[in-house]
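Quick look at start20.pdb (PDB, C-alpha atoms):
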```pdb
ATOM      1  CA  MET A   1       0.000   0.000   0.000
ATOM      2  CA  PRO A   2       1.406   3.352  -0.955
ATOM      3  CA  GLY A   3       0.311   5.318   2.169
ATOM      4  CA  ARG A   4       1.815   2.893   4.658
ATOM      5  CA  PRO A   5       5.403   3.305   5.954
ATOM      6  CA  ALA A   6       7.875   0.457   5.377
ATOM      7  CA  GLY A   7       7.604  -2.233   8.036
ATOM      8  CA  ALA A   8       4.170  -1.154   9.271
ATOM      9  CA  ARG A   9       1.486  -3.797   9.677
ATOM     10  CA  PRO A  10      -1.677  -3.655   7.645
ATOM     11  CA  SER A  11      -4.818  -2.791   9.506
ATOM     12  CA  GLY A  12      -7.189  -5.583  10.463
ATOM     13  CA  ARG A  13      -6.372  -9.046  11.767
ATOM     14  CA  SER A  14      -2.742  -9.903  12.186
ATOM     15  CA  GLY A  15      -1.472 -13.252  10.985
ATOM     16  CA  ALA A  16       1.386 -13.293  13.525
ATOM     17  CA  PRO A  17      -0.357 -15.319  16.268
ATOM     18  CA  ARG A  18      -1.474 -17.885  13.715
ATOM     19  CA  ARG A  19       2.035 -18.186  12.275
ATOM     20  CA  LEU A  20       3.587 -18.549  15.732
ATOM     21  CA  ALA A  21       1.138 -21.278  16.680
ATOM     22  CA  ALA A  22       1.852 -23.134  13.446
ATOM     23  CA  ALA A  23       5.609 -22.838  14.031
ATOM     24  CA  ALA A  24       5.201 -24.135  17.581
ATOM     25  CA  ARG A  25       3.258 -27.145  16.314
ATOM     26  CA  ARG A  26       5.972 -27.948  13.773
ATOM     27  CA  THR A  27       8.886 -27.682  16.191
ATOM     28  CA  ALA A  28       7.414 -28.999  19.431
ATOM     29  CA  PRO A  29       8.438 -32.595  20.075
ATOM     30  CA  THR A  30       5.494 -34.936  20.337
ATOM     31  CA  GLY A  31       5.219 -38.341  21.909
ATOM     32  CA  ASP A  32       5.236 -39.950  18.466
ATOM     33  CA  ARG A  33       8.512 -38.561  17.209
ATOM     34  CA  PRO A  34      11.800 -38.908  19.100
ATOM     35  CA  VAL A  35      13.993 -35.859  19.398
ATOM     36  CA  ARG A  36      16.923 -36.224  16.997
ATOM     37  CA  ARG A  37      20.351 -35.335  18.227
ATOM     38  CA  LEU A  38      22.560 -36.983  15.609
ATOM     39  CA  PRO A  39      22.900 -35.822  12.029
ATOM     40  CA  ASN A  40      20.211 -37.338   9.861
ATOM     41  CA  PRO A  41      21.380 -37.268   6.267
ATOM     42  CA  ARG A  42      19.388 -39.167   3.675
ATOM     43  CA  LEU A  43      21.552 -40.807   1.043
ATOM     44  CA  THR A  44      20.350 -42.369  -2.167
ATOM     45  CA  GLY A  45      21.278 -45.973  -2.819
ATOM     46  CA  LEU A  46      24.235 -44.873  -4.926
ATOM     47  CA  GLY A  47      25.232 -42.273  -2.340
ATOM     48  CA  GLY A  48      25.078 -44.875   0.419
ATOM     49  CA  GLY A  49      27.274 -47.196  -1.604
ATOM     50  CA  LEU A  50      29.781 -44.455  -2.332
ATOM     51  CA  PHE A  51      29.785 -43.325   1.299
ATOM     52  CA  CYS A  52      30.336 -46.834   2.618
ATOM     53  CA  GLY A  53      32.950 -47.715  -0.017
ATOM     54  CA  ALA A  54      34.905 -44.502   0.462
ATOM     55  CA  VAL A  55      34.882 -44.760   4.250
ATOM     56  CA  MET A  56      35.970 -48.404   4.179
ATOM     57  CA  LEU A  57      38.751 -47.660   1.680
ATOM     58  CA  LEU A  58      39.919 -44.789   3.885
ATOM     59  CA  LEU A  59      39.766 -46.974   7.006
ATOM     60  CA  GLY A  60      41.625 -49.759   5.210
ATOM     61  CA  ALA A  61      44.394 -47.381   4.157
ATOM     62  CA  LEU A  62      44.524 -45.888   7.654
ATOM     63  CA  ASP A  63      44.691 -49.357   9.177
ATOM     64  CA  GLN A  64      47.519 -50.300   6.818
ATOM     65  CA  LEU A  65      49.396 -47.119   7.695
ATOM     66  CA  LEU A  66      48.914 -47.164  11.473
ATOM     67  CA  PHE A  67      48.547 -50.818  12.436
ATOM     68  CA  GLY A  68      50.143 -52.753   9.577
ATOM     69  CA  SER A  69      47.015 -54.464   8.227
ATOM     70  CA  SER A  70      45.178 -55.447  11.389
ATOM     71  CA  LEU A  71      42.172 -57.229   9.903
ATOM     72  CA  THR A  72      40.469 -57.461  13.298
ATOM     73  CA  PHE A  73      40.652 -53.693  13.726
ATOM     74  CA  TYR A  74      39.282 -53.269  10.217
ATOM     75  CA  GLY A  75      36.422 -55.686  10.935
ATOM     76  CA  VAL A  76      35.498 -53.908  14.165
ATOM     77  CA  LEU A  77      35.358 -50.572  12.330
ATOM     78  CA  PHE A  78      33.235 -52.144   9.607
ATOM     79  CA  LEU A  79      30.307 -52.722  11.974
ATOM     80  CA  PRO A  80      29.533 -49.049  12.770
ATOM     81  CA  VAL A  81      30.041 -48.073   9.127
ATOM     82  CA  SER A  82      27.477 -50.719   8.178
ATOM     83  CA  ALA A  83      25.054 -49.384  10.773
ATOM     84  CA  LEU A  84      25.504 -45.774   9.638
ATOM     85  CA  THR A  85      24.998 -46.742   6.021
ATOM     86  CA  ALA A  86      21.724 -48.498   6.868
ATOM     87  CA  LEU A  87      20.596 -45.575   9.031
ATOM     88  CA  TRP A  88      21.415 -42.864   6.513
ATOM     89  CA  VAL A  89      19.982 -44.422   3.349
ATOM     90  CA  ARG A  90      16.631 -42.999   2.198
ATOM     91  CA  GLY A  91      13.511 -44.974   2.939
ATOM     92  CA  GLY A  92      12.942 -45.860  -0.703
ATOM     93  CA  ASP A  93      16.476 -47.245  -1.046
ATOM     94  CA  LEU A  94      16.611 -49.369   2.100
ATOM     95  CA  VAL A  95      17.003 -52.607   0.196
ATOM     96  CA  ILE A  96      20.365 -51.348  -1.105
ATOM     97  CA  ALA A  97      22.024 -51.087   2.323
ATOM     98  CA  PRO A  98      22.679 -54.811   2.892
ATOM     99  CA  VAL A  99      23.881 -55.101  -0.710
ATOM    100  CA  VAL A 100      26.470 -52.297  -0.767
ATOM    101  CA  VAL A 101      27.946 -53.076   2.637
ATOM    102  CA  PRO A 102      29.774 -56.295   1.623
ATOM    103  CA  ILE A 103      30.974 -54.615  -1.569
ATOM    104  CA  ALA A 104      32.403 -51.781   0.506
ATOM    105  CA  PHE A 105      34.081 -54.290   2.820
ATOM    106  CA  THR A 106      35.828 -55.767  -0.202
ATOM    107  CA  VAL A 107      36.814 -52.329  -1.504
ATOM    108  CA  GLY A 108      38.427 -51.511   1.834
ATOM    109  CA  LEU A 109      40.294 -54.804   1.826
ATOM    110  CA  LEU A 110      42.054 -53.732  -1.372
ATOM    111  CA  ALA A 111      44.278 -51.544   0.796
ATOM    112  CA  LEU A 112      44.897 -54.339   3.298
ATOM    113  CA  ALA A 113      45.222 -57.426   1.105
ATOM    114  CA  ASP A 114      48.552 -59.073   1.640
ATOM    115  CA  GLY A 115      49.890 -60.131  -1.682
ATOM    116  CA  SER A 116      53.096 -60.296  -3.613
ATOM    117  CA  GLY A 117      53.813 -61.174  -7.203
ATOM    118  CA  GLY A 118      51.707 -58.659  -9.078
ATOM    119  CA  VAL A 119      47.984 -58.621  -9.695
ATOM    120  CA  GLY A 120      47.528 -62.375  -9.190
ATOM    121  CA  GLY A 121      49.243 -62.299  -5.807
ATOM    122  CA  HIS A 122      47.220 -59.291  -4.716
ATOM    123  CA  LEU A 123      43.998 -60.963  -5.844
ATOM    124  CA  GLY A 124      44.966 -64.108  -3.936
ATOM    125  CA  GLY A 125      45.598 -62.020  -0.828
ATOM    126  CA  LEU A 126      42.197 -60.351  -1.258
ATOM    127  CA  VAL A 127      40.407 -63.710  -1.534
ATOM    128  CA  THR A 128      42.292 -65.004   1.499
ATOM    129  CA  ALA A 129      41.387 -61.911   3.519
ATOM    130  CA  LEU A 130      37.725 -62.269   2.516
ATOM    131  CA  ALA A 131      37.756 -65.922   3.563
ATOM    132  CA  THR A 132      39.428 -65.326   6.910
ATOM    133  CA  GLN A 133      37.333 -62.260   7.747
ATOM    134  CA  ALA A 134      33.977 -63.711   6.696
ATOM    135  CA  GLY A 135      32.646 -63.362  10.252
ATOM    136  CA  TRP A 136      33.058 -59.589  10.185
ATOM    137  CA  LEU A 137      31.624 -59.465   6.672
ATOM    138  CA  TYR A 138      28.535 -61.457   7.659
ATOM    139  CA  GLY A 139      28.169 -59.516  10.905
ATOM    140  CA  GLY A 140      28.228 -56.121   9.189
ATOM    141  CA  THR A 141      25.824 -57.322   6.521
ATOM    142  CA  LEU A 142      23.512 -58.643   9.235
ATOM    143  CA  VAL A 143      23.669 -55.317  11.105
ATOM    144  CA  ALA A 144      22.765 -53.408   7.935
ATOM    145  CA  GLY A 145      19.999 -55.882   7.078
ATOM    146  CA  VAL A 146      18.413 -55.763  10.530
ATOM    147  CA  ILE A 147      18.496 -51.966  10.674
ATOM    148  CA  ALA A 148      17.060 -51.672   7.165
ATOM    149  CA  THR A 149      14.310 -54.184   7.988
ATOM    150  CA  VAL A 150      13.374 -52.419  11.227
ATOM    151  CA  ARG A 151      13.273 -49.073   9.438
ATOM    152  CA  ARG A 152      11.120 -50.514   6.645
ATOM    153  CA  VAL A 153       8.636 -52.117   9.065
ATOM    154  CA  SER A 154       8.453 -48.862  11.019
ATOM    155  CA  MET A 155       7.749 -46.916   7.825
ATOM    156  CA  MET A 156       5.016 -49.367   6.852
ATOM    157  CA  ARG A 157       3.378 -49.116  10.294
ATOM    158  CA  ARG A 158       3.413 -45.311  10.149
ATOM    159  CA  ARG A 159       1.871 -45.391   6.688
ATOM    160  CA  ILE A 160      -0.878 -47.780   7.821
ATOM    161  CA  ALA A 161      -1.599 -45.622  10.874
ATOM    162  CA  GLN A 162      -1.838 -42.487   8.698
ATOM    163  CA  ARG A 163      -4.266 -44.223   6.346
ATOM    164  CA  ARG A 164      -6.413 -45.331   9.288
ATOM    165  CA  ARG A 165      -6.495 -41.795  10.685
ATOM    166  CA  ALA A 166      -7.367 -40.391   7.274
ATOM    167  CA  ALA A 167     -10.185 -42.922   6.817
ATOM    168  CA  VAL A 168     -11.820 -42.060  10.146
TER     169      VAL A 168
END
```

Show me, as C-alpha cells, the structure contained in the file I just sent.
Amino acid sequence: MPGRPAGARPSGRSGAPRRLAAAARRTAPTGDRPVRRLPNPRLTGLGGGLFCGAVMLLLGALDQLLFGSSLTFYGVLFLPVSALTALWVRGGDLVIAPVVVPIAFTVGLLALADGSGGVGGHLGGLVTALATQAGWLYGGTLVAGVIATVRRVSMMRRRIAQRRRAAV
C-alpha cells in the first residue's frame, strides 16, 4: 500500500499469532517422534554405496598405515560403518544397504590385502582376507539388514496408521 510506511502492519487481523502457533506445532516434540540429536542425512542408494565404499577404503588405508594391516581392527570398524549406512539411506532405497555393505568391505580390503607377485598375488591375498574375515563381513551385513528391515517395518506401520487416521 502506498500510504503505509515500510515495516508497518496492515490494519485488520494480524497473521502473527497464527504463524507462531503453526511454528510451535511444527517444532514442538510430540510423543510420536523422538527428538533427533545426531545428524540425519538421507543418502540415495548410490550415495550410500559411495559413502560406505569410500569410508571403508579410507579406514583400510589408515589401518595399513597405522597398524600394519590389522584385519580385526578393520572388521570392528566395519560394523559401525554398516550401521551408519543403513541408518542414513533414504527410505525408498533401504534394500540397497545390505547389498552395498559387503561390496564396501571388499573395496576396503584392497588396501589391506597381503599379496606379492603382481595382480595375481594381490587378488589371492584379497580372496584369502575375505575368507578369513567372513565373520566380520557377515556380521556387518547382518547389522545393515536388521536396521534396514526395522526401518522398513516402522515406515510401513506409520503409513498404515496415517491411512487409518485419514479414513476415520

Once the PyMOL selection byres ((chain A and resi 110) around 10) has been evaluated on this model, what residues remain selected, and can you format them as a PDB file with C-alpha atoms, keeping the file's coordinate frame?
```
ATOM      1  CA  MET A  56      35.970 -48.404   4.179  1.00  0.00           C
ATOM      2  CA  LEU A  57      38.751 -47.660   1.680  1.00  0.00           C
ATOM      3  CA  GLY A  60      41.625 -49.759   5.210  1.00  0.00           C
ATOM      4  CA  ALA A  61      44.394 -47.381   4.157  1.00  0.00           C
ATOM      5  CA  PHE A 105      34.081 -54.290   2.820  1.00  0.00           C
ATOM      6  CA  THR A 106      35.828 -55.767  -0.202  1.00  0.00           C
ATOM      7  CA  VAL A 107      36.814 -52.329  -1.504  1.00  0.00           C
ATOM      8  CA  GLY A 108      38.427 -51.511   1.834  1.00  0.00           C
ATOM      9  CA  LEU A 109      40.294 -54.804   1.826  1.00  0.00           C
ATOM     10  CA  ALA A 111      44.278 -51.544   0.796  1.00  0.00           C
ATOM     11  CA  LEU A 112      44.897 -54.339   3.298  1.00  0.00           C
ATOM     12  CA  ALA A 113      45.222 -57.426   1.105  1.00  0.00           C
ATOM     13  CA  ASP A 114      48.552 -59.073   1.640  1.00  0.00           C
ATOM     14  CA  HIS A 122      47.220 -59.291  -4.716  1.00  0.00           C
ATOM     15  CA  LEU A 123      43.998 -60.963  -5.844  1.00  0.00           C
ATOM     16  CA  GLY A 125      45.598 -62.020  -0.828  1.00  0.00           C
ATOM     17  CA  LEU A 126      42.197 -60.351  -1.258  1.00  0.00           C
ATOM     18  CA  ALA A 129      41.387 -61.911   3.519  1.00  0.00           C
TER      19      ALA A 129
END
```

Mind pulling up the distance from CA of Pro102 in chain A to CA of Leu46 in chain A?
14.3 Å

What lies within 7 Å of range 71-81 of chain A using only C-alpha atoms, ignoring chain neighbours under 6 positions off, as a PyMOL selection string?
chain A and resi 52+60+63+136+140

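For the pair CA of Arg163 in chain A and CA of Gly91 in chain A, the interatomic distance is 18.1 Å.
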
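Among the candidates A:Val55, A:Gly92, A:Ser69, A:Val99, the one nearest to Leu137 in chain A when counting all atoms listed in the file is A:Val99.
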
Point (17.7, -41.2, 6.0), cut-off 10 Å, counting only C-alpha atoms, residues as a VMD selection string:
chain A and resid 39 to 44 48 84 to 94 151

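Among the candidate residues A:Ser70, A:Gln133, A:Ser82, A:Gln162, the one lying nearest to Phe51 in chain A is A:Ser82, with distances computed using only C-alpha atoms.
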
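Across the structure, CA of Leu50 in chain A and CA of Ile103 in chain A are spaced 10.3 Å apart.
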
From the list A:Gly68, A:Val101, A:Gly47, A:Gly120, which residue is nearest Tyr138 in chain A when using only C-alpha atoms?
A:Val101

Skipping near chain neighbours, those fewer than 5 positions away, what residues fall within 10 Å of Val95 in chain A using all atoms listed in the file, listed as a ChimeraX atom specification?
/A:45,86,89-90,100,144-145,148-149,152
